[in-house]
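> What follows is target_28.pdb, PDB, C-alpha atoms.
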ATOM      1  CA  MET D   1    -128.445-147.606 177.798
ATOM      2  CA  LYS D   2    -128.251-146.208 174.318
ATOM      3  CA  SER D   3    -131.410-144.256 173.573
ATOM      4  CA  ASN D   4    -131.524-145.006 169.838
ATOM      5  CA  SER D   5    -131.730-148.771 170.281
ATOM      6  CA  SER D   6    -134.682-151.083 169.988
ATOM      7  CA  VAL D   7    -136.233-152.602 173.081
ATOM      8  CA  PRO D   8    -134.188-155.671 174.062
ATOM      9  CA  THR D   9    -136.003-158.989 174.397
ATOM     10  CA  THR D  10    -133.191-160.948 176.092
ATOM     11  CA  VAL D  11    -130.686-160.189 178.816
ATOM     12  CA  ASP D  12    -127.838-160.605 176.328
ATOM     13  CA  GLU D  13    -129.451-158.002 174.043
ATOM     14  CA  TYR D  14    -129.883-155.661 176.989
ATOM     15  CA  LEU D  15    -126.246-156.011 178.058
ATOM     16  CA  ALA D  16    -125.025-155.554 174.486
ATOM     17  CA  GLU D  17    -126.533-152.058 174.535
ATOM     18  CA  VAL D  18    -125.014-151.004 177.864
ATOM     19  CA  PRO D  19    -121.830-148.936 177.449
ATOM     20  CA  GLU D  20    -118.670-149.447 179.499
ATOM     21  CA  PRO D  21    -117.966-149.367 182.370
ATOM     22  CA  ALA D  22    -121.547-150.289 183.315
ATOM     23  CA  HIS D  23    -121.497-153.198 180.843
ATOM     24  CA  SER D  24    -118.669-155.000 182.663
ATOM     25  CA  THR D  25    -120.166-154.172 186.054
ATOM     26  CA  LEU D  26    -123.564-155.619 185.155
ATOM     27  CA  LYS D  27    -121.977-158.737 183.652
ATOM     28  CA  LYS D  28    -120.338-159.321 187.046
ATOM     29  CA  VAL D  29    -123.644-158.739 188.819
ATOM     30  CA  ARG D  30    -125.383-161.187 186.480
ATOM     31  CA  THR D  31    -122.747-163.826 187.242
ATOM     32  CA  MET D  32    -123.166-163.246 190.983
ATOM     33  CA  ILE D  33    -126.931-163.656 190.779
ATOM     34  CA  ARG D  34    -126.660-166.739 188.554
ATOM     35  CA  SER D  35    -124.343-168.391 191.079
ATOM     36  CA  ALA D  36    -126.920-167.947 193.854
ATOM     37  CA  VAL D  37    -130.166-168.989 192.154
ATOM     38  CA  PRO D  38    -131.535-172.496 191.564
ATOM     39  CA  ALA D  39    -130.945-174.084 188.148
ATOM     40  CA  GLU D  40    -134.634-173.684 187.264
ATOM     41  CA  THR D  41    -134.391-169.893 187.448
ATOM     42  CA  THR D  42    -135.128-168.037 184.233
ATOM     43  CA  GLU D  43    -133.859-164.723 182.947
ATOM     44  CA  VAL D  44    -136.398-162.386 181.394
ATOM     45  CA  ILE D  45    -136.775-158.790 180.356
ATOM     46  CA  ASN D  46    -139.556-157.223 182.398
ATOM     47  CA  TYR D  47    -140.241-153.505 182.650
ATOM     48  CA  ARG D  48    -137.408-153.183 180.091
ATOM     49  CA  ILE D  49    -134.772-154.496 182.503
ATOM     50  CA  PRO D  50    -133.182-157.918 183.104
ATOM     51  CA  MET D  51    -134.834-159.958 185.841
ATOM     52  CA  PHE D  52    -134.323-163.359 187.351
ATOM     53  CA  MET D  53    -137.492-165.353 188.031
ATOM     54  CA  PHE D  54    -137.914-168.291 190.416
ATOM     55  CA  LYS D  55    -141.340-168.785 191.957
ATOM     56  CA  GLY D  56    -141.758-165.076 191.304
ATOM     57  CA  MET D  57    -139.353-162.208 190.778
ATOM     58  CA  VAL D  58    -135.981-162.733 192.458
ATOM     59  CA  MET D  59    -133.942-159.744 191.354
ATOM     60  CA  GLY D  60    -133.593-157.285 188.520
ATOM     61  CA  PHE D  61    -130.653-155.121 187.534
ATOM     62  CA  ALA D  62    -130.153-152.161 185.237
ATOM     63  CA  ALA D  63    -127.810-149.432 184.061
ATOM     64  CA  PHE D  64    -128.666-145.762 184.105
ATOM     65  CA  ALA D  65    -126.718-142.676 183.080
ATOM     66  CA  ASN D  66    -124.911-142.185 186.390
ATOM     67  CA  HIS D  67    -125.465-145.395 188.344
ATOM     68  CA  CYS D  68    -126.506-149.032 188.208
ATOM     69  CA  SER D  69    -129.264-150.570 190.301
ATOM     70  CA  LEU D  70    -130.340-153.863 191.808
ATOM     71  CA  PHE D  71    -134.040-154.499 192.293
ATOM     72  CA  PRO D  72    -134.494-157.197 194.965
ATOM     73  CA  GLY D  73    -137.768-155.793 196.278
ATOM     74  CA  PRO D  74    -138.430-154.310 199.706
ATOM     75  CA  ALA D  75    -138.088-157.363 202.001
ATOM     76  CA  PRO D  76    -134.398-158.136 201.318
ATOM     77  CA  ILE D  77    -133.520-154.452 201.635
ATOM     78  CA  GLU D  78    -135.381-154.195 204.916
ATOM     79  CA  ALA D  79    -133.685-157.355 206.208
ATOM     80  CA  MET D  80    -130.219-156.077 205.286
ATOM     81  CA  GLN D  81    -130.385-152.419 206.338
ATOM     82  CA  GLU D  82    -127.088-152.650 208.204
ATOM     83  CA  GLU D  83    -125.160-154.301 205.323
ATOM     84  CA  LEU D  84    -126.533-151.754 202.853
ATOM     85  CA  LYS D  85    -125.203-148.677 204.630
ATOM     86  CA  GLY D  86    -123.182-146.707 202.116
ATOM     87  CA  TYR D  87    -125.570-147.475 199.243
ATOM     88  CA  VAL D  88    -128.406-145.277 198.065
ATOM     89  CA  ILE D  89    -131.501-147.344 198.762
ATOM     90  CA  SER D  90    -135.216-146.888 198.360
ATOM     91  CA  LYS D  91    -138.157-149.187 198.970
ATOM     92  CA  GLY D  92    -137.068-151.867 196.496
ATOM     93  CA  THR D  93    -133.909-150.505 194.865
ATOM     94  CA  ILE D  94    -130.198-150.407 195.626
ATOM     95  CA  ARG D  95    -128.039-147.992 193.621
ATOM     96  CA  PHE D  96    -124.314-148.498 193.074
ATOM     97  CA  ALA D  97    -121.521-147.001 190.974
ATOM     98  CA  ILE D  98    -121.421-147.835 187.264
ATOM     99  CA  ASP D  99    -117.836-149.001 187.633
ATOM    100  CA  LYS D 100    -118.034-150.960 190.893
ATOM    101  CA  ALA D 101    -120.279-153.957 191.457
ATOM    102  CA  PRO D 102    -121.459-154.646 194.997
ATOM    103  CA  PRO D 103    -119.646-157.488 196.788
ATOM    104  CA  ALA D 104    -120.698-160.973 195.679
ATOM    105  CA  ALA D 105    -121.537-161.984 199.250
ATOM    106  CA  LEU D 106    -123.997-159.088 199.520
ATOM    107  CA  VAL D 107    -125.708-159.876 196.215
ATOM    108  CA  LYS D 108    -125.943-163.583 197.055
ATOM    109  CA  LYS D 109    -127.454-162.848 200.454
ATOM    110  CA  LEU D 110    -130.091-160.579 198.878
ATOM    111  CA  VAL D 111    -130.908-163.356 196.390
ATOM    112  CA  LYS D 112    -131.210-166.000 199.122
ATOM    113  CA  ILE D 113    -133.571-163.798 201.148
ATOM    114  CA  ARG D 114    -135.762-163.170 198.111
ATOM    115  CA  ILE D 115    -135.864-166.865 197.127
ATOM    116  CA  ALA D 116    -136.871-167.816 200.675
ATOM    117  CA  GLN D 117    -139.603-165.175 200.547
ATOM    118  CA  ASN D 118    -140.865-166.478 197.190
ATOM    119  CA  GLU D 119    -140.894-170.081 198.415
ATOM    120  CA  LEU D 120    -142.762-169.097 201.586
ATOM    121  CA  SER D 121    -145.353-167.221 199.522
ATOM    122  CA  GLN D 122    -145.845-170.234 197.244
ATOM    123  CA  ASN D 123    -146.227-172.585 200.237
ATOM    124  CA  GLU D 124    -148.820-170.256 201.783
ATOM    125  CA  LEU D 125    -150.753-170.191 198.497
ATOM    126  CA  ARG D 126    -150.753-174.011 198.355
ATOM    127  CA  LYS D 127    -152.090-174.213 201.904
ATOM    128  CA  LYS D 128    -154.993-171.907 201.018
ATOM    129  CA  ARG D 129    -156.084-174.133 198.138
TER     130      ARG D 129
END
Show how you would write the structure in this file as structure tokens.

Amino acid sequence: MKSNSSVPTTVDEYLAEVPEPAHSTLKKVRTMIRSAVPAETTEVINYRIPMFMFKGMVMGFAAFANHCSLFPGPAPIEAMQEELKGYVISKGTIRFAIDKAPPAALVKKLVKIRIAQNELSQNELRKKR
């Protein structure tokens, strides 16, 4: 991201400030995520990065100087350890090259796991009430 810019308030504003090749890569990632989430999902800027929200946080994404990242949270990463070999991962983050988006099937699977987790959490909360 450009350091002299104002803080973006929409995903489009965020992407407008991301230089190539990360800009094109993150646009692809955004399209992948959009194709896997329910219609009621919203896009927000949270912690200064784009995030998709559906019954909680689904996934965030961001560009950095030397890499891009997905932020699906720890459960999807833990569930997909084998498929994520070759990526730099941490507790809730997956890093990838600024010029190469992860495969759509991988991103969609991460999204589906996170949505299922969010729905389960919401159902458990309803049961407690």
> Can you work out which one of D:Pro102, D:Ala79, D:Val7, D:Lys127 has the shortest atom-to-atom distance to D:Arg30, counting all atoms listed in the file?
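Ranked by minimum distance to D:Arg30, first place goes to D:Pro102.
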> Find the residues near D:Val111: any atom within 12 Å, counting only C-alpha atoms, skip ones fewer than 5 places away on the same chain, and give them as an mmCIF file with C-alpha atoms, keeping the file's coordinate frame.

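See out.cif below for the written result:
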data_model
loop_
_atom_site.group_PDB
_atom_site.id
_atom_site.type_symbol
_atom_site.label_atom_id
_atom_site.label_comp_id
_atom_site.auth_asym_id
_atom_site.auth_seq_id
_atom_site.Cartn_x
_atom_site.Cartn_y
_atom_site.Cartn_z
ATOM 1 C CA VAL D 29 -123.644 -158.739 188.819
ATOM 2 C CA ARG D 30 -125.383 -161.187 186.480
ATOM 3 C CA MET D 32 -123.166 -163.246 190.983
ATOM 4 C CA ILE D 33 -126.931 -163.656 190.779
ATOM 5 C CA ARG D 34 -126.660 -166.739 188.554
ATOM 6 C CA SER D 35 -124.343 -168.391 191.079
ATOM 7 C CA ALA D 36 -126.920 -167.947 193.854
ATOM 8 C CA VAL D 37 -130.166 -168.989 192.154
ATOM 9 C CA PRO D 38 -131.535 -172.496 191.564
ATOM 10 C CA THR D 41 -134.391 -169.893 187.448
ATOM 11 C CA MET D 51 -134.834 -159.958 185.841
ATOM 12 C CA PHE D 52 -134.323 -163.359 187.351
ATOM 13 C CA MET D 53 -137.492 -165.353 188.031
ATOM 14 C CA PHE D 54 -137.914 -168.291 190.416
ATOM 15 C CA MET D 57 -139.353 -162.208 190.778
ATOM 16 C CA VAL D 58 -135.981 -162.733 192.458
ATOM 17 C CA MET D 59 -133.942 -159.744 191.354
ATOM 18 C CA GLY D 60 -133.593 -157.285 188.520
ATOM 19 C CA LEU D 70 -130.340 -153.863 191.808
ATOM 20 C CA PHE D 71 -134.040 -154.499 192.293
ATOM 21 C CA PRO D 72 -134.494 -157.197 194.965
ATOM 22 C CA GLY D 73 -137.768 -155.793 196.278
ATOM 23 C CA ALA D 75 -138.088 -157.363 202.001
ATOM 24 C CA PRO D 76 -134.398 -158.136 201.318
ATOM 25 C CA ILE D 77 -133.520 -154.452 201.635
ATOM 26 C CA ALA D 79 -133.685 -157.355 206.208
ATOM 27 C CA MET D 80 -130.219 -156.077 205.286
ATOM 28 C CA ALA D 104 -120.698 -160.973 195.679
ATOM 29 C CA ALA D 105 -121.537 -161.984 199.250
ATOM 30 C CA LEU D 106 -123.997 -159.088 199.520
ATOM 31 C CA ALA D 116 -136.871 -167.816 200.675
ATOM 32 C CA GLN D 117 -139.603 -165.175 200.547
ATOM 33 C CA ASN D 118 -140.865 -166.478 197.190
#
> Which one is closest to D:Ala22: D:Phe96, D:Tyr87, D:Glu124, D:Pro50? Count all atoms listed in the file.
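The answer is D:Phe96, which sits nearest to D:Ala22.
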> With distances taken over all atoms listed in the file, which of D:Asn66, D:Asn123, D:Thr42, D:Thr10 is nearest to D:Ile98?
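Counting all atoms listed in the file, the residue closest to D:Ile98 is D:Asn66.
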> Got a sec to resolve the PyMOL selection byres ((chain D and resi 20) around 12) on this structure and send the residues as a PyMOL selection string?
chain D and resi 1-2+15-19+21-27+63-68+98-100
